[in-house]
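input26.pdb (PDB, C-alpha atoms and all ligand atoms) appears below.
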ATOM      1  CA  MET A   1      99.163  52.772  12.874
ATOM      2  CA  GLN A   2      95.533  52.660  13.926
ATOM      3  CA  LYS A   3      94.206  51.999  17.401
ATOM      4  CA  ILE A   4      91.419  49.419  17.231
ATOM      5  CA  ALA A   5      90.365  48.858  20.829
ATOM      6  CA  GLN A   6      91.716  49.389  24.315
ATOM      7  CA  LEU A   7      91.053  48.515  27.901
ATOM      8  CA  GLN A   8      92.282  50.030  31.151
ATOM      9  CA  LEU A   9      93.233  47.108  33.405
ATOM     10  CA  PRO A  10      92.587  47.194  37.166
ATOM     11  CA  SER A  11      96.404  47.477  37.569
ATOM     12  CA  GLY A  12      96.252  50.805  35.717
ATOM     13  CA  GLN A  13      98.041  49.385  32.658
ATOM     14  CA  LEU A  14      96.599  49.996  29.202
ATOM     15  CA  LEU A  15      95.984  46.925  27.050
ATOM     16  CA  ALA A  16      95.384  47.907  23.440
ATOM     17  CA  LEU A  17      94.791  46.354  20.045
ATOM     18  CA  ARG A  18      96.276  48.305  17.139
ATOM     19  CA  THR A  19      97.367  47.631  13.581
ATOM     20  CA  PHE A  20     100.881  46.234  13.093
ATOM     21  CA  THR A  21     103.786  48.255  11.704
ATOM     22  CA  GLU A  22     107.078  47.023  10.233
ATOM     23  CA  GLU A  23     108.814  48.392  13.358
ATOM     24  CA  ASP A  24     107.120  45.641  15.393
ATOM     25  CA  PHE A  25     109.465  43.029  13.863
ATOM     26  CA  ASP A  26     111.710  42.384  16.906
ATOM     27  CA  GLU A  27     108.842  41.949  19.346
ATOM     28  CA  VAL A  28     106.890  39.685  16.974
ATOM     29  CA  HIS A  29     109.941  37.617  16.060
ATOM     30  CA  GLU A  30     110.751  37.057  19.742
ATOM     31  CA  TYR A  31     107.512  35.196  20.449
ATOM     32  CA  ALA A  32     107.313  33.651  16.942
ATOM     33  CA  THR A  33     110.536  31.760  17.666
ATOM     34  CA  ASP A  34     109.526  30.678  21.188
ATOM     35  CA  PRO A  35     108.597  26.946  21.288
ATOM     36  CA  LEU A  36     106.197  27.619  24.174
ATOM     37  CA  VAL A  37     104.196  29.932  21.915
ATOM     38  CA  TYR A  38     104.134  27.918  18.651
ATOM     39  CA  ARG A  39     103.886  24.511  20.354
ATOM     40  CA  TYR A  40     100.271  23.861  19.276
ATOM     41  CA  ALA A  41     100.347  26.002  16.121
ATOM     42  CA  GLU A  42     100.717  25.061  12.477
ATOM     43  CA  TRP A  43     103.348  27.793  12.101
ATOM     44  CA  GLY A  44     106.698  28.186  13.832
ATOM     45  CA  PRO A  45     109.472  28.564  14.513
ATOM     46  CA  ASN A  46     109.374  31.516  12.139
ATOM     47  CA  THR A  47     112.296  32.500   9.972
ATOM     48  CA  GLU A  48     112.866  36.265   9.781
ATOM     49  CA  ALA A  49     111.231  36.210   6.339
ATOM     50  CA  GLN A  50     108.156  34.446   7.745
ATOM     51  CA  THR A  51     107.803  37.022  10.518
ATOM     52  CA  ARG A  52     108.075  39.841   7.946
ATOM     53  CA  GLU A  53     105.464  38.080   5.799
ATOM     54  CA  PHE A  54     103.147  37.691   8.821
ATOM     55  CA  ILE A  55     103.416  41.414   9.614
ATOM     56  CA  ALA A  56     102.862  42.380   5.960
ATOM     57  CA  GLN A  57      99.750  40.203   5.756
ATOM     58  CA  ALA A  58      98.408  41.530   9.050
ATOM     59  CA  MET A  59      98.988  45.112   7.830
ATOM     60  CA  ALA A  60      97.026  44.445   4.625
ATOM     61  CA  GLN A  61      93.693  44.796   6.421
ATOM     62  CA  GLN A  62      90.721  43.169   4.716
ATOM     63  CA  GLU A  63      87.170  44.413   4.987
ATOM     64  CA  ASP A  64      85.976  41.255   6.749
ATOM     65  CA  SER A  65      88.849  40.724   9.190
ATOM     66  CA  ILE A  66      90.658  42.530  11.985
ATOM     67  CA  SER A  67      94.251  41.536  12.606
ATOM     68  CA  CYS A  68      96.112  43.402  15.311
ATOM     69  CA  ALA A  69      99.077  43.689  17.612
ATOM     70  CA  VAL A  70      98.405  43.290  21.330
ATOM     71  CA  VAL A  71     100.120  46.186  23.076
ATOM     72  CA  LEU A  72     100.682  46.592  26.800
ATOM     73  CA  ASP A  73     101.774  50.108  27.724
ATOM     74  CA  ASP A  74     103.423  50.554  24.269
ATOM     75  CA  GLN A  75     105.126  47.122  24.275
ATOM     76  CA  VAL A  76     103.940  44.608  21.639
ATOM     77  CA  ILE A  77     103.231  41.403  23.582
ATOM     78  CA  GLY A  78     101.311  39.356  21.023
ATOM     79  CA  ALA A  79      98.863  39.149  18.165
ATOM     80  CA  ALA A  80      95.105  38.769  17.922
ATOM     81  CA  ALA A  81      92.611  38.461  15.108
ATOM     82  CA  VAL A  82      88.926  38.022  14.378
ATOM     83  CA  TRP A  83      87.708  37.308  10.862
ATOM     84  CA  SER A  84      84.603  36.414   8.930
ATOM     85  CA  THR A  85      84.346  32.831   7.658
ATOM     86  CA  ASP A  86      80.810  32.759   6.253
ATOM     87  CA  ALA A  87      78.898  35.905   5.335
ATOM     88  CA  THR A  88      75.562  34.075   5.152
ATOM     89  CA  VAL A  89      75.268  33.043   8.818
ATOM     90  CA  PRO A  90      77.204  35.395   9.432
ATOM     91  CA  ALA A  91      79.981  33.385  11.145
ATOM     92  CA  GLY A  92      83.534  34.153  12.104
ATOM     93  CA  GLU A  93      86.527  32.929  14.056
ATOM     94  CA  LEU A  94      89.024  34.418  16.449
ATOM     95  CA  GLY A  95      92.566  33.663  17.584
ATOM     96  CA  TYR A  96      95.294  35.091  19.818
ATOM     97  CA  GLY A  97      98.814  34.400  21.044
ATOM     98  CA  LEU A  98     101.031  36.163  23.556
ATOM     99  CA  ASN A  99     104.744  36.293  24.340
ATOM    100  CA  SER A 100     105.225  33.697  27.104
ATOM    101  CA  LYS A 101     106.813  36.349  29.384
ATOM    102  CA  TYR A 102     103.314  37.824  29.764
ATOM    103  CA  TRP A 103     101.277  34.669  30.376
ATOM    104  CA  GLY A 104      99.170  34.084  33.459
ATOM    105  CA  ARG A 105      98.158  37.692  34.149
ATOM    106  CA  GLY A 106      94.732  37.714  32.526
ATOM    107  CA  TYR A 107      95.867  39.541  29.369
ATOM    108  CA  ALA A 108      94.594  36.884  26.911
ATOM    109  CA  THR A 109      91.229  36.755  28.679
ATOM    110  CA  ALA A 110      90.949  40.534  28.244
ATOM    111  CA  VAL A 111      92.119  40.361  24.607
ATOM    112  CA  ALA A 112      89.566  37.654  23.773
ATOM    113  CA  GLY A 113      86.864  39.869  25.317
ATOM    114  CA  LEU A 114      87.878  42.735  22.998
ATOM    115  CA  LEU A 115      87.890  40.384  19.974
ATOM    116  CA  VAL A 116      84.389  39.126  20.812
ATOM    117  CA  GLU A 117      83.146  42.713  20.987
ATOM    118  CA  LEU A 118      84.810  43.593  17.654
ATOM    119  CA  GLY A 119      83.437  40.430  16.035
ATOM    120  CA  PHE A 120      79.862  41.047  17.138
ATOM    121  CA  THR A 121      79.831  44.803  16.543
ATOM    122  CA  THR A 122      82.373  45.918  13.906
ATOM    123  CA  LEU A 123      82.172  42.732  11.804
ATOM    124  CA  GLY A 124      78.496  41.991  12.559
ATOM    125  CA  ILE A 125      79.166  38.323  13.244
ATOM    126  CA  HIS A 126      76.426  36.184  14.798
ATOM    127  CA  ARG A 127      78.315  32.921  15.453
ATOM    128  CA  LEU A 128      81.912  33.206  16.656
ATOM    129  CA  THR A 129      84.067  30.092  16.910
ATOM    130  CA  ALA A 130      87.555  29.334  18.171
ATOM    131  CA  THR A 131      89.562  26.142  18.283
ATOM    132  CA  CYS A 132      92.452  25.010  20.410
ATOM    133  CA  ALA A 133      94.538  21.887  20.891
ATOM    134  CA  PRO A 134      92.952  19.586  23.502
ATOM    135  CA  ALA A 135      96.137  19.934  25.588
ATOM    136  CA  ASN A 136      96.020  23.749  25.454
ATOM    137  CA  ALA A 137      94.207  24.160  28.771
ATOM    138  CA  ALA A 138      95.093  27.863  29.079
ATOM    139  CA  SER A 139      93.424  28.711  25.770
ATOM    140  CA  ALA A 140      90.349  26.588  26.556
ATOM    141  CA  ARG A 141      90.062  28.456  29.867
ATOM    142  CA  VAL A 142      90.369  31.857  28.146
ATOM    143  CA  LEU A 143      87.465  30.896  25.854
ATOM    144  CA  GLN A 144      85.352  29.494  28.678
ATOM    145  CA  LYS A 145      85.876  32.680  30.705
ATOM    146  CA  ASN A 146      84.620  34.648  27.701
ATOM    147  CA  GLY A 147      81.377  32.695  27.531
ATOM    148  CA  PHE A 148      82.339  30.241  24.791
ATOM    149  CA  LYS A 149      80.682  26.818  24.907
ATOM    150  CA  LEU A 150      82.465  23.606  23.997
ATOM    151  CA  GLU A 151      80.808  22.048  20.940
ATOM    152  CA  GLY A 152      83.022  19.041  20.427
ATOM    153  CA  ARG A 153      86.260  17.641  19.144
ATOM    154  CA  LEU A 154      87.433  17.958  15.530
ATOM    155  CA  ARG A 155      89.512  14.922  14.561
ATOM    156  CA  ASP A 156      92.860  15.488  12.795
ATOM    157  CA  HIS A 157      91.825  19.120  12.420
ATOM    158  CA  LYS A 158      95.351  20.544  12.149
ATOM    159  CA  ARG A 159      98.708  19.338  10.898
ATOM    160  CA  VAL A 160     101.439  20.588  13.198
ATOM    161  CA  ARG A 161     104.980  20.077  11.905
ATOM    162  CA  GLY A 162     103.937  16.888  10.099
ATOM    163  CA  GLU A 163     101.708  15.432  12.850
ATOM    164  CA  PHE A 164      97.918  15.517  12.763
ATOM    165  CA  ARG A 165      96.217  16.749  15.898
ATOM    166  CA  ASP A 166      92.627  17.125  17.054
ATOM    167  CA  SER A 167      91.086  20.448  18.092
ATOM    168  CA  LEU A 168      88.403  21.410  20.573
ATOM    169  CA  LEU A 169      85.722  23.564  18.944
ATOM    170  CA  PHE A 170      84.161  26.388  20.991
ATOM    171  CA  SER A 171      81.437  28.842  19.994
ATOM    172  CA  ARG A 172      79.712  31.924  21.274
ATOM    173  CA  LEU A 173      76.585  33.391  19.710
ATOM    174  CA  ARG A 174      75.731  37.074  19.693
ATOM    175  CA  THR A 175      72.458  36.074  21.367
ATOM    176  CA  ASP A 176      74.186  34.172  24.197
ATOM    177  CA  PRO A 177      73.951  35.784  27.624
ATOM    178  CA  PRO A 178      77.174  37.467  28.788
ATOM    179  CA  PRO A 179      79.599  35.113  30.589
ATOM    180  CA  SER A 180      78.375  34.303  34.087
ATOM    181  CA  ALA A 181      80.405  35.172  37.170
ATOM    182  CA  GLU A 182      80.641  31.401  37.647
ATOM    183  CA  ALA A 183      82.355  30.959  34.236
ATOM    184  CA  GLN A 184      84.799  33.728  35.082
ATOM    185  CA  ALA A 185      85.612  32.656  38.634
TER     186      ALA A 185
HETATM  187  C1  LIG B 201      96.670  30.666  25.454
HETATM  188  C2  LIG B 201      97.336  31.957  25.907
HETATM  189  C3  LIG B 201      96.992  33.060  24.916
HETATM  190  C4  LIG B 201      96.838  32.322  27.306
HETATM  191  O1  LIG B 201      97.385  33.579  27.670
HETATM  192  P1  LIG B 201      97.354  34.134  29.167
HETATM  193  O2  LIG B 201      97.529  35.625  29.096
HETATM  194  O3  LIG B 201      98.301  33.375  30.005
HETATM  195  O4  LIG B 201      95.869  33.808  29.610
HETATM  196  P2  LIG B 201      95.127  34.372  30.911
HETATM  197  O5  LIG B 201      96.129  34.745  31.941
HETATM  198  O6  LIG B 201      94.152  35.418  30.478
HETATM  199  O7  LIG B 201      94.236  33.113  31.378
HETATM  200  C5  LIG B 201      94.753  31.820  31.366
HETATM  201  C6  LIG B 201      93.829  30.936  32.171
HETATM  202  O8  LIG B 201      94.212  29.584  31.918
HETATM  203  C7  LIG B 201      94.592  28.991  33.145
HETATM  204  N1  LIG B 201      95.662  28.050  32.843
HETATM  205  C8  LIG B 201      96.912  28.330  32.424
HETATM  206  N2  LIG B 201      97.605  27.198  32.247
HETATM  207  C9  LIG B 201      96.747  26.187  32.557
HETATM  208  C10 LIG B 201      96.856  24.779  32.586
HETATM  209  N3  LIG B 201      97.992  24.168  32.218
HETATM  210  N4  LIG B 201      95.779  24.046  32.974
HETATM  211  C11 LIG B 201      94.613  24.653  33.310
HETATM  212  N5  LIG B 201      94.446  25.998  33.293
HETATM  213  C12 LIG B 201      95.508  26.742  32.930
HETATM  214  C13 LIG B 201      95.013  30.134  34.028
HETATM  215  O9  LIG B 201      94.969  29.748  35.386
HETATM  216  C14 LIG B 201      93.968  31.171  33.661
HETATM  217  O10 LIG B 201      92.719  30.869  34.223
HETATM  218  P3  LIG B 201      92.212  31.603  35.592
HETATM  219  O11 LIG B 201      92.207  33.071  35.296
HETATM  220  O12 LIG B 201      90.859  31.040  35.824
HETATM  221  O13 LIG B 201      93.211  31.255  36.652
HETATM  222  C15 LIG B 201      98.875  31.812  25.968
HETATM  223  O14 LIG B 201      99.169  30.686  26.739
HETATM  224  C16 LIG B 201      99.504  31.684  24.584
HETATM  225  O15 LIG B 201      99.802  32.675  23.938
HETATM  226  N6  LIG B 201      99.766  30.437  24.155
HETATM  227  C17 LIG B 201     100.403  30.192  22.863
HETATM  228  C18 LIG B 201      99.504  30.541  21.700
HETATM  229  C19 LIG B 201      98.156  29.866  21.823
HETATM  230  O16 LIG B 201      98.056  28.727  22.264
HETATM  231  N7  LIG B 201      97.127  30.592  21.392
HETATM  232  C20 LIG B 201      95.783  30.088  21.396
HETATM  233  C21 LIG B 201      95.577  29.279  20.170
HETATM  234  S1  LIG B 201      94.000  28.474  20.277
END

Write the structure described by the file as structure tokens, please.
Amino acid sequence: MQKIAQLQLPSGQLLALRTFTEEDFDEVHEYATDPLVYRYAEWGPNTEAQTREFIAQAMAQQEDSISCAVVLDDQVIGAAAVWSTDATVPAGELGYGLNSKYWGRGYATAVAGLLVELGFTTLGIHRLTATCAPANAASARVLQKNGFKLEGRLRDHKRVRGEFRDSLLFSRLRTDPPPSAEAQA
């Protein structure tokens, strides 16, 4: 297991990103079968085989992507990733999801901040994008607090359990100023 990034929270807790291991199965499967977590996602509810496949894929690190477990004081509470989508720009995308027991405490905002840093530095990305369902106000807020700008609405962008849904498209450029106190308030 490899530690990728970490942050000491004001509460004193340690929020870390590290590579997945097969031993993470129970914690991953708990949130991957929670309707609150997969509600807007193309995946879910996961079978045990799908959770094992997810962990195996995340463990097979690629050169142009970082896929990691979100760990709070040694407890796996979610997953996060940032990956290259176009080497020419260079552009990339990020995503995250947390066990619903840990929502509303600023963890995803902190995780997205770490992913932005990894995308701009480790992966050398210039244009980072993220999408979320228009109804996913918490995710839109996480992106806004991390300095992402809303670019528009992608029609029928995803197919979620047979139903098309739109997405909001957000971006942040490496040359953008850091998020203002106003965006974070
Ligand atoms: C999106 C998600 C990661 C947010 O995690 P989180 O740890 O609760 O996020 P944070 O606590 O850092 O911040 C959430 C922000 O959204 C706000 N928020 C939450 N629910 C909201 C709602 N229904 N309407 C408006 N704002 C909302 C919170 O108030 C907070 O903003 P604030 O700090 O200004 O008060 C979590 O809900 C999740 O895992 N969802 C399922 C997977 C998912 O949707 N992933 C994103 C795919 S694009």

Item to check | Within 6 Å of ligand LIG 201 (chain B), counting all atoms listed in the file, residues as a VMD selection string | outcome: chain A and resid 37 95 to 98 103 to 109 131 to 132 137 to 139 141 to 142

Since we have the selection now, will you write its residues out, keeping C-alpha atoms, as a PDB file, in the coordinates of the input?
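Contents of part_11.pdb, as written:
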ATOM      1  CA  VAL A  37     104.196  29.932  21.915  1.00  0.00           C
ATOM      2  CA  GLY A  95      92.566  33.663  17.584  1.00  0.00           C
ATOM      3  CA  TYR A  96      95.294  35.091  19.818  1.00  0.00           C
ATOM      4  CA  GLY A  97      98.814  34.400  21.044  1.00  0.00           C
ATOM      5  CA  LEU A  98     101.031  36.163  23.556  1.00  0.00           C
ATOM      6  CA  TRP A 103     101.277  34.669  30.376  1.00  0.00           C
ATOM      7  CA  GLY A 104      99.170  34.084  33.459  1.00  0.00           C
ATOM      8  CA  ARG A 105      98.158  37.692  34.149  1.00  0.00           C
ATOM      9  CA  GLY A 106      94.732  37.714  32.526  1.00  0.00           C
ATOM     10  CA  TYR A 107      95.867  39.541  29.369  1.00  0.00           C
ATOM     11  CA  ALA A 108      94.594  36.884  26.911  1.00  0.00           C
ATOM     12  CA  THR A 109      91.229  36.755  28.679  1.00  0.00           C
ATOM     13  CA  THR A 131      89.562  26.142  18.283  1.00  0.00           C
ATOM     14  CA  CYS A 132      92.452  25.010  20.410  1.00  0.00           C
ATOM     15  CA  ALA A 137      94.207  24.160  28.771  1.00  0.00           C
ATOM     16  CA  ALA A 138      95.093  27.863  29.079  1.00  0.00           C
ATOM     17  CA  SER A 139      93.424  28.711  25.770  1.00  0.00           C
ATOM     18  CA  ARG A 141      90.062  28.456  29.867  1.00  0.00           C
ATOM     19  CA  VAL A 142      90.369  31.857  28.146  1.00  0.00           C
TER      20      VAL A 142
END

Item to check | Computed interatomic separation between CA of Gly162 in chain A and CA of Asn99 in chain A (Å) | outcome: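 Going from CA of Gly162 in chain A over to CA of Asn99 in chain A, I get 24.1 Å.
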
Neighbours of Thr51 in chain A within 10 Å (only C-alpha atoms; same-chain residues fewer than 6 positions away dropped), as a compact mmCIF listing (two decimals) with C-alpha atoms, keeping the file's coordinate frame?
# COMPACT_ATOMS: atom_id res chain seq x y z
CA ASP A 24 107.12 45.64 15.39
CA PHE A 25 109.46 43.03 13.86
CA ASP A 26 111.71 42.38 16.91
CA VAL A 28 106.89 39.68 16.97
CA HIS A 29 109.94 37.62 16.06
CA GLU A 30 110.75 37.06 19.74
CA ALA A 32 107.31 33.65 16.94
CA THR A 33 110.54 31.76 17.67
CA GLY A 44 106.70 28.19 13.83
CA PRO A 45 109.47 28.56 14.51
CA GLN A 57 99.75 40.20 5.76

Next on the checklist: Set the distance at 10 Å and use only C-alpha atoms: which residues neighbour Leu118 in chain A once local chain neighbours fewer than 2 positions away are removed? I'd like the list as a list in words.
Outcome noted: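 Here the qualifying residues turn out to be Ile4, Ala5, Ser65, Ile66, Ala81, Val82, Trp83, Ala112, Gly113, Leu114, Leu115, Val116, Phe120, Thr121, Thr122, Leu123, Gly124 and Ile125 of chain A.
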
Would you mind exporting the chosen residues as a CSV table (one decimal), keeping the file's coordinate frame, restricted to C-alpha atoms?
chain,number,residue,atom,x,y,z
A,4,ILE,CA,91.4,49.4,17.2
A,5,ALA,CA,90.4,48.9,20.8
A,65,SER,CA,88.8,40.7,9.2
A,66,ILE,CA,90.7,42.5,12.0
A,81,ALA,CA,92.6,38.5,15.1
A,82,VAL,CA,88.9,38.0,14.4
A,83,TRP,CA,87.7,37.3,10.9
A,112,ALA,CA,89.6,37.7,23.8
A,113,GLY,CA,86.9,39.9,25.3
A,114,LEU,CA,87.9,42.7,23.0
A,115,LEU,CA,87.9,40.4,20.0
A,116,VAL,CA,84.4,39.1,20.8
A,120,PHE,CA,79.9,41.0,17.1
A,121,THR,CA,79.8,44.8,16.5
A,122,THR,CA,82.4,45.9,13.9
A,123,LEU,CA,82.2,42.7,11.8
A,124,GLY,CA,78.5,42.0,12.6
A,125,ILE,CA,79.2,38.3,13.2

Checklist entry - Residues picked by the PyMOL selection byres (((chain A and resi 130) around 8) and not hetatm) here, as a list in words? => result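 Answer for the PyMOL selection byres (((chain A and resi 130) around 8) and not hetatm): Glu93, Leu94, Gly95, Leu128, Thr129, Thr131, Cys132, Leu143, Leu169, Phe170 and Ser171 of chain A.
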
Checklist entry - From the list A:Ala60, A:Ile77, A:Leu36, A:Ile55, which residue is nearest Ala16 in chain A when using all atoms listed in the file? => result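 Looking only at the distances to Ala16 in chain A, the closest residue turns out to be A:Ile77.
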
Checklist entry - Which residue out of A:Ala91, A:Glu182, A:Ala41, A:Ala79 has the minimum interatomic distance to Ala133 in chain A when all atoms listed in the file are used? => result A:Ala41

Checklist entry - Can you tell me how far CA of Gly78 in chain A sits from CA of Pro178 in chain A, in Å to one decimal? => result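 Here the two named atoms are 25.4 Å from each other.
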
Can I get the residues of range 7-106 of chain A within 8 Å of range 151-161 of chain A, each with the closest pair of atoms and their distance in Å to one decimal, using all atoms listed in the file, sorted chain first then ascending number, as a Markdown table?
| residue | atom | partner | partner_atom | distance |
| --- | --- | --- | --- | --- |
| A:Tyr40 | CA | A:Val160 | CA | 7.0 |
| A:Ala41 | CA | A:Val160 | CA | 6.2 |
| A:Glu42 | CA | A:Val160 | CA | 4.6 |
| A:Trp43 | CA | A:Val160 | CA | 7.5 |

Item to check | Between CA of Met59 in chain A and CA of Leu9 in chain A, distance in Å (one decimal) | outcome: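 Calculated distance between CA of Met59 in chain A and CA of Leu9 in chain A is 26.3 Å.
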
Item to check | Output check: residues returned by the PyMOL selection byres (((chain A and resi 90) around 8) and not hetatm), as a count of residues only | outcome: 12
